[in-house]
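Down below is the structure, laid out as structure tokens.
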Amino acid sequence: MNPKYFWVLSVLLLGHLVNAQNFKGQVVSEINKEPLAGAHILAQNGMATYSDTNGNFEINIAVEHTTLTISFMGYKTIQQQVSITNERIIFLLEEAPIIINGVMVTGNSKTDPILFLETNDYVKKIVQPRNVADLFQDINGFSLIKRGNYAIDPSFRATQYEQLNVQFDGGTKAMNACPNRMDPITTHVIPEEIEKIEIIKGPYTVRYGATFGGIVNMVTQKPTAEDYGLHGNIDGGYESNGGSIVSMARLQQATEKYDIVGNVGFRDFGNYKDGDGVEIPSSFRSLDYGIKAGVNFNENQRLQAHWRQSYGRDVLHAGLPMDTEEDNSSILSLDYKLKGLTGLVENIDTKIYYSYVDHIMSNKDRPSFMMTDALSEIDATTAGGKLELKLKPSEKMVLYTGVDFLAIARDGNRTRLVKRNAMGVVLATPVQFIDKVWQDSYINDLGVFVESKYPLTTKTMATVGLRYDNVTSEIKDPADDFEALYSNLDKRTEHNISGTASIKYVLSNQFIMEVAYGRGVRSANMIERVINHFTVGQDAYEYIGNPNLDAEVNNQFEIGFKGSKPLSDTNTDRFNYSTSFYYSLYENYIVALIDETQTRKYMPMLEPVNPKVFQNLDGAYKTGFEISGGIDFWENFNFTTALAYVYAKNKDLNESLPLVPPLTTRFKLQFEKEKFWVNANYTITSKQDDIAISFGEQSTPGYEVLDFRLGIVPIKNVTLGVAMLNVFDKTYNNHLNFSFNNQAEFGTVPINDPGRNVTAFAQFKF
């Protein structure tokens, strides 16, 4: 580590030891007296801990009559005054009215999905997110694909786009309209609205739709029992690099019978500068608002509706050939849950949703506008639903079964007004052309699934799942040249079988072992099927889709270990660790290869002349690991180290698969109490020279970045935060960043990330 960084890290080492005594307790459910693992216990002095798999916990309390706050998902939070004693005190939690967000994680380490990861509390961790994708940047194993400041996609273990099953609130989806992904799902949700993110690291469950490389579920905030009454919050923030502002307001009314929440957010980001002071065209404005309402018919039955709209304006995309003039989206979802039934069926969960994205992009501020005035008006519709039954065929076995449906439809055209010919001569009368972007296409996926959980022993849980997907697709209005290339464009039907089998061994809260196999199957997405001579990659090639592609298959094997070990019998010092090692063998991997039998359609005099056509390859695999370890010490301090590495190979081309991040090492030192926290994040990103030449990738040098964050609650209900990101003003670019495209002042070089950036954040709750 560079010695100059120590002056920042030393700020975190101010503190003192508190004279305290251990208090022992157990958290159990009031209904069935079962222990609750993972309950959060917060002492009045700021100390915090979690209950273990048996519901037991120990916490230091400094004085008599200390108040403990105990919370657990799905149960009412309690506050109870305790005194120093040698006896273990039992705390009974009352079940709260059911809340529907389709969450996968319940807090029970034995029955939760295998190989999952959960993150939360972004007010403390991310001071100034540009959009939802920024919330992934500190999660081990994740990288960001950037085309500028707005269209950012998360990548996990070198899987991205439709290879990741990205959704929010347990299944709602909104697919991008733009073929260059100017409008991924991360642009349609307010970052401040996200309560937590749940991640399943591979195709290890069949309950949440067809899954190839993993599941990402973004859970929006919802009222709980302690939020009854009228409440809300107002957030505001400023970012020095770009002069950017962020604002958000939220208002909610909740009772035991009903709740309603409304929010609105506005973001105005300017062009940022890299470490060398070079301005990157990346400004945008966005407005988001929504309303969520729920009715609890009784303690076991709830109906919930969620409606939201997002608007992006004047969005500059440094790494794409055009900019966004308008991006408008509407999303509506309806959820119903009935639980606590007697007999074979225990729970019933249903969800339906609909989203519509209207996207307009142009090249009016690009050099190519002198030759051709291009305007694209395109739209995407996403609709779906799910019906799931939780069955109890025996005392021990739990069976989940149901059906889900996903329908994606896209259409729209690009209008080109050619003003100069290939020799650059101005035409007396510009010539207009209409290009079919999506050729009025759709993909429908009807899935049927069954997944069971069965305890082999008191400490071992087995999970087995099987899924069938019936995928139908059609190009309803093909372009003439596309129809000439593919003679049979009738409706196509695919039959995909996926499944999983896993074992989780929970010795105690100190040691959990997980072993899993998953077969994830992904039918080709719409870009890979129907795109027709458009530049949709990182390079300058035109791409041609292939409607006859076979479905991609990921055979993924993984083993993981995690746990927590106390380091002392007299305080809360402990060592926490987590490891995952995986191997994926791909079948029918989809890549775009140069086809020398085809020639460029638009601007035929430009290089490269031959376009790329999407094809299936068999010789591809991926392997890697994530390792993290941390120490809680001196009551409120924590030091964590995390490493993530991916190695992927395309044996057919003897090169790496595209968009593989390099070895990334993270160090984090933090001091955290209930009303004050400060942390430093030091990230070392290694050089990446194992690249996909066919994808247009370039080698990326390594770099080191230090971020510093501080937050405080000066008075009740007020939170203030400041951060200095890229403290030493490094000039660097992440390997997954796109290169500049069709920009007047930049060549085809990777986009640099922001230089030093000071941000401020304020939140008021009431």
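Following the order of the structure tokens, first chain is A, next is B, and so on, with residues numbered from 1 inside each chain and ligands from 1 in the order they appear.
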
What lies within 6 Å of Asn757 of chain A using only C-alpha atoms, ignoring chain neighbours under 3 positions off, as a PDB file with all heavy atoms, in the first residue's frame?
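This is the output file out34.pdb:
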ATOM      1  N   SER A 240     -19.263  17.765  -6.285  1.00  0.00           N
ATOM      2  CA  SER A 240     -18.426  18.849  -6.800  1.00  0.00           C
ATOM      3  C   SER A 240     -17.957  18.598  -8.221  1.00  0.00           C
ATOM      4  O   SER A 240     -17.861  19.535  -9.020  1.00  0.00           O
ATOM      5  CB  SER A 240     -17.204  19.044  -5.883  1.00  0.00           C
ATOM      6  OG  SER A 240     -16.340  17.906  -5.927  1.00  0.00           O
ATOM      7  N   ASN A 241     -17.643  17.349  -8.562  1.00  0.00           N
ATOM      8  CA  ASN A 241     -17.124  17.035  -9.889  1.00  0.00           C
ATOM      9  C   ASN A 241     -18.287  16.918 -10.870  1.00  0.00           C
ATOM     10  O   ASN A 241     -18.885  15.861 -11.040  1.00  0.00           O
ATOM     11  CB  ASN A 241     -16.326  15.729  -9.849  1.00  0.00           C
ATOM     12  CG  ASN A 241     -15.481  15.529 -11.092  1.00  0.00           C
ATOM     13  OD1 ASN A 241     -15.705  16.161 -12.120  1.00  0.00           O
ATOM     14  ND2 ASN A 241     -14.509  14.650 -11.007  1.00  0.00           N
ATOM     15  N   MET A 724     -15.116  12.020   0.125  1.00  0.00           N
ATOM     16  CA  MET A 724     -14.132  12.393  -0.877  1.00  0.00           C
ATOM     17  C   MET A 724     -13.787  11.118  -1.626  1.00  0.00           C
ATOM     18  O   MET A 724     -13.203  10.192  -1.071  1.00  0.00           O
ATOM     19  CB  MET A 724     -12.882  13.016  -0.252  1.00  0.00           C
ATOM     20  CG  MET A 724     -11.857  13.442  -1.311  1.00  0.00           C
ATOM     21  SD  MET A 724     -10.381  14.222  -0.610  1.00  0.00           S
ATOM     22  CE  MET A 724     -11.080  15.774  -0.056  1.00  0.00           C
ATOM     23  N   LEU A 725     -14.183  11.055  -2.883  1.00  0.00           N
ATOM     24  CA  LEU A 725     -13.960   9.887  -3.715  1.00  0.00           C
ATOM     25  C   LEU A 725     -12.754  10.135  -4.615  1.00  0.00           C
ATOM     26  O   LEU A 725     -12.546  11.251  -5.101  1.00  0.00           O
ATOM     27  CB  LEU A 725     -15.197   9.593  -4.556  1.00  0.00           C
ATOM     28  CG  LEU A 725     -16.521   9.534  -3.785  1.00  0.00           C
ATOM     29  CD1 LEU A 725     -17.693   9.297  -4.733  1.00  0.00           C
ATOM     30  CD2 LEU A 725     -16.485   8.471  -2.701  1.00  0.00           C
TER      31      LEU A 725
END

- Item | Contact residues around Ile559 of chain A with only C-alpha atoms at 8 Å, ignoring same-chain residues under 2 positions, as a list in words |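 Using only C-alpha atoms, the neighbours found are Met513, Glu514, Val515, Ala516, Phe557, Phe561, Ser580, Phe581 and Tyr582 of chain A.
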
- Message: Among segment 459-693 of chain A, which residues does DSSP mark as strand (DSSP E or B) when it is run on the backbone? Keep the chain and numbering as in the structure and answer as JSON, numbers by chain.
- Response: {"A": [460, 461, 462, 463, 464, 465, 466, 467, 468, 469, 470, 471, 472, 473, 474, 475, 492, 493, 494, 495, 496, 497, 498, 499, 500, 501, 502, 503, 504, 505, 506, 507, 508, 511, 512, 513, 514, 515, 516, 517, 518, 519, 520, 521, 522, 532, 533, 534, 543, 544, 552, 553, 554, 555, 556, 557, 558, 559, 560, 561, 562, 563, 564, 565, 566, 574, 575, 576, 577, 578, 579, 580, 581, 582, 583, 584, 585, 586, 587, 589, 590, 591, 592, 593, 594, 612, 613, 614, 615, 616, 617, 620, 621, 622, 623, 624, 625, 626, 627, 628, 629, 630, 631, 632, 633, 637, 638, 639, 640, 641, 642, 643, 644, 645, 646, 647, 648, 649, 650, 655, 664, 665, 666, 667, 668, 669, 670, 671, 672, 673, 676, 677, 678, 679, 680, 681, 682, 683, 684, 685, 688]}

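Take the candidates A:Pro281, A:Gly148, A:Gly537, A:Gly209 and check each one against Val448 of chain A using only C-alpha atoms; the shortest distance goes to A:Gly209.
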
- Which neighbours of Ile59 of chain A fall inside 7 Å, counting only C-alpha atoms, when residues of the same chain fewer than 3 positions from it are skipped, and could you give them as a PyMOL selection string? chain A and resi 22-24+49+572

Give me a file of those residues, with N, CA, C and O atoms, as an mmCIF file, in the first residue's frame.
data_model
loop_
_atom_site.group_PDB
_atom_site.id
_atom_site.type_symbol
_atom_site.label_atom_id
_atom_site.label_comp_id
_atom_site.auth_asym_id
_atom_site.auth_seq_id
_atom_site.Cartn_x
_atom_site.Cartn_y
_atom_site.Cartn_z
ATOM 1 N N ASN A 22 -20.728 -8.423 29.500
ATOM 2 C CA ASN A 22 -21.503 -9.192 28.540
ATOM 3 C C ASN A 22 -22.919 -9.427 29.047
ATOM 4 O O ASN A 22 -23.127 -9.746 30.224
ATOM 5 N N PHE A 23 -23.873 -9.283 28.132
ATOM 6 C CA PHE A 23 -25.261 -9.620 28.414
ATOM 7 C C PHE A 23 -25.656 -10.723 27.449
ATOM 8 O O PHE A 23 -25.402 -10.631 26.248
ATOM 9 N N LYS A 24 -26.286 -11.771 27.944
ATOM 10 C CA LYS A 24 -26.657 -12.917 27.134
ATOM 11 C C LYS A 24 -28.168 -12.967 26.956
ATOM 12 O O LYS A 24 -28.914 -12.735 27.905
ATOM 13 N N THR A 49 -25.085 -6.390 17.522
ATOM 14 C CA THR A 49 -24.699 -7.752 17.183
ATOM 15 C C THR A 49 -25.899 -8.445 16.537
ATOM 16 O O THR A 49 -26.960 -7.833 16.364
ATOM 17 N N THR A 572 -17.109 -8.165 22.121
ATOM 18 C CA THR A 572 -17.737 -8.592 20.864
ATOM 19 C C THR A 572 -16.731 -8.717 19.720
ATOM 20 O O THR A 572 -17.132 -8.821 18.555
#

- Message: Residues near Phe91 of chain A, anyone? I mean within 9 Å using only C-alpha atoms, not counting same-chain ones fewer than 2 positions away, as a PyMOL selection string.
- Response: chain A and resi 25-30+70+78+80+89+93

- How would you write, as a ChimeraX atom specification, the set of residues in segment 156-256 of chain A that DSSP gives as helix (DSSP H, G or I)? /A:161-163,185-187,191-193,225-227

- Find the spatial neighbours of Gly141 of chain A, counting only C-alpha atoms, within a cut-off of 6 Å - ignore same-chain residues fewer than 6 positions away - and output them as a list in words.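 Here the answer would be Phe156, Arg157 and Ala644 of chain A.
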
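Rounded to one decimal, atom CA of Gly465 of chain A and atom CA of Asp445 of chain A lie 18.3 Å from each other.
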
- Message: Can you pull out the residues contacting Gln304 of chain A? Cut-off 7 Å, using only C-alpha atoms, and skip same-chain residues under 2 positions away; I want them as a VMD selection string.
- Response: chain A and resid 293 to 295 302 306 334 to 336

- Task: Within 9 Å of Tyr50 of chain A, counting only C-alpha atoms, which residues show up once you throw out same-chain ones fewer than 4 positions away? Write them as a PyMOL selection string, please.
- Result: chain A and resi 37-42+55-58

Those selected residues, please, written with all heavy atoms and delivered as a tab-separated table (two decimals), in the first residue's frame.
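result-v2.tsv was written with the following content:
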chain	number	residue	atom	x	y	z
A	37	ALA	N	-32.68	-16.75	13.87
A	37	ALA	CA	-31.27	-16.52	13.55
A	37	ALA	C	-31.12	-15.26	12.72
A	37	ALA	O	-31.86	-15.04	11.77
A	37	ALA	CB	-30.71	-17.72	12.79
A	38	GLY	N	-30.15	-14.42	13.08
A	38	GLY	CA	-29.89	-13.21	12.32
A	38	GLY	C	-30.66	-11.99	12.80
A	38	GLY	O	-30.66	-10.97	12.12
A	39	ALA	N	-31.34	-12.08	13.96
A	39	ALA	CA	-32.01	-10.90	14.51
A	39	ALA	C	-30.96	-9.85	14.88
A	39	ALA	O	-29.86	-10.17	15.34
A	39	ALA	CB	-32.83	-11.28	15.74
A	40	HIS	N	-31.29	-8.58	14.67
A	40	HIS	CA	-30.35	-7.48	14.94
A	40	HIS	C	-30.62	-6.92	16.33
A	40	HIS	O	-31.75	-6.58	16.68
A	40	HIS	CB	-30.52	-6.38	13.89
A	40	HIS	CG	-29.54	-5.26	14.04
A	40	HIS	ND1	-29.88	-4.03	14.56
A	40	HIS	CD2	-28.21	-5.19	13.75
A	40	HIS	CE1	-28.82	-3.25	14.57
A	40	HIS	NE2	-27.80	-3.93	14.08
A	41	ILE	N	-29.56	-6.85	17.13
A	41	ILE	CA	-29.67	-6.35	18.50
A	41	ILE	C	-28.81	-5.10	18.62
A	41	ILE	O	-27.59	-5.14	18.34
A	41	ILE	CB	-29.22	-7.41	19.53
A	41	ILE	CG1	-30.11	-8.66	19.44
A	41	ILE	CG2	-29.25	-6.83	20.94
A	41	ILE	CD1	-29.58	-9.74	18.54
A	42	LEU	N	-29.40	-3.99	19.02
A	42	LEU	CA	-28.70	-2.72	19.15
A	42	LEU	C	-28.84	-2.22	20.57
A	42	LEU	O	-29.95	-2.06	21.09
A	42	LEU	CB	-29.28	-1.69	18.17
A	42	LEU	CG	-28.72	-0.26	18.26
A	42	LEU	CD1	-27.25	-0.24	17.84
A	42	LEU	CD2	-29.54	0.69	17.40
A	55	GLY	N	-30.61	-18.52	17.88
A	55	GLY	CA	-31.23	-17.33	18.43
A	55	GLY	C	-30.46	-16.67	19.54
A	55	GLY	O	-30.89	-15.64	20.08
A	56	ASN	N	-29.30	-17.22	19.91
A	56	ASN	CA	-28.53	-16.69	21.03
A	56	ASN	C	-27.64	-15.53	20.61
A	56	ASN	O	-27.18	-15.45	19.47
A	56	ASN	CB	-27.66	-17.79	21.63
A	56	ASN	CG	-28.48	-18.92	22.23
A	56	ASN	OD1	-29.52	-18.67	22.86
A	56	ASN	ND2	-28.05	-20.15	22.03
A	57	PHE	N	-27.40	-14.63	21.56
A	57	PHE	CA	-26.49	-13.52	21.30
A	57	PHE	C	-25.84	-13.08	22.61
A	57	PHE	O	-26.33	-13.37	23.71
A	57	PHE	CB	-27.22	-12.34	20.66
A	57	PHE	CG	-28.20	-11.64	21.59
A	57	PHE	CD1	-27.80	-10.57	22.38
A	57	PHE	CD2	-29.53	-12.05	21.67
A	57	PHE	CE1	-28.69	-9.93	23.23
A	57	PHE	CE2	-30.43	-11.42	22.51
A	57	PHE	CZ	-30.01	-10.36	23.29
A	58	GLU	N	-24.72	-12.39	22.46
A	58	GLU	CA	-24.05	-11.73	23.58
A	58	GLU	C	-23.71	-10.31	23.15
A	58	GLU	O	-23.30	-10.08	22.02
A	58	GLU	CB	-22.77	-12.48	23.97
A	58	GLU	CG	-23.02	-13.84	24.58
A	58	GLU	CD	-21.73	-14.47	25.12
A	58	GLU	OE1	-20.77	-13.72	25.33
A	58	GLU	OE2	-21.72	-15.70	25.33

- Query: Nearest to Ile631 of chain A among A:Thr665, A:Val105, A:Glu655, A:Arg574, with distances taken over only C-alpha atoms: which residue is it?
  - Reply: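 The shortest atom-to-atom distance to Ile631 of chain A comes from A:Arg574.
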
- Of the candidates A:Gly412, A:Ala96, A:Tyr353, A:Ile715, which shows the shortest atom-to-atom distance to Asn296 of chain A, using only C-alpha atoms?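 With only C-alpha atoms as the atom set, the closest residue is A:Ala96.
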
- Task: Just give me the gap between atom CA of Leu68 of chain A and atom CA of Ala43 of chain A in Å, one decimal is fine.
- Result: 4.6 Å

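The two atoms in question, atom CA of Asn413 of chain A and atom CA of Asp435 of chain A, are spaced 5.5 Å apart.
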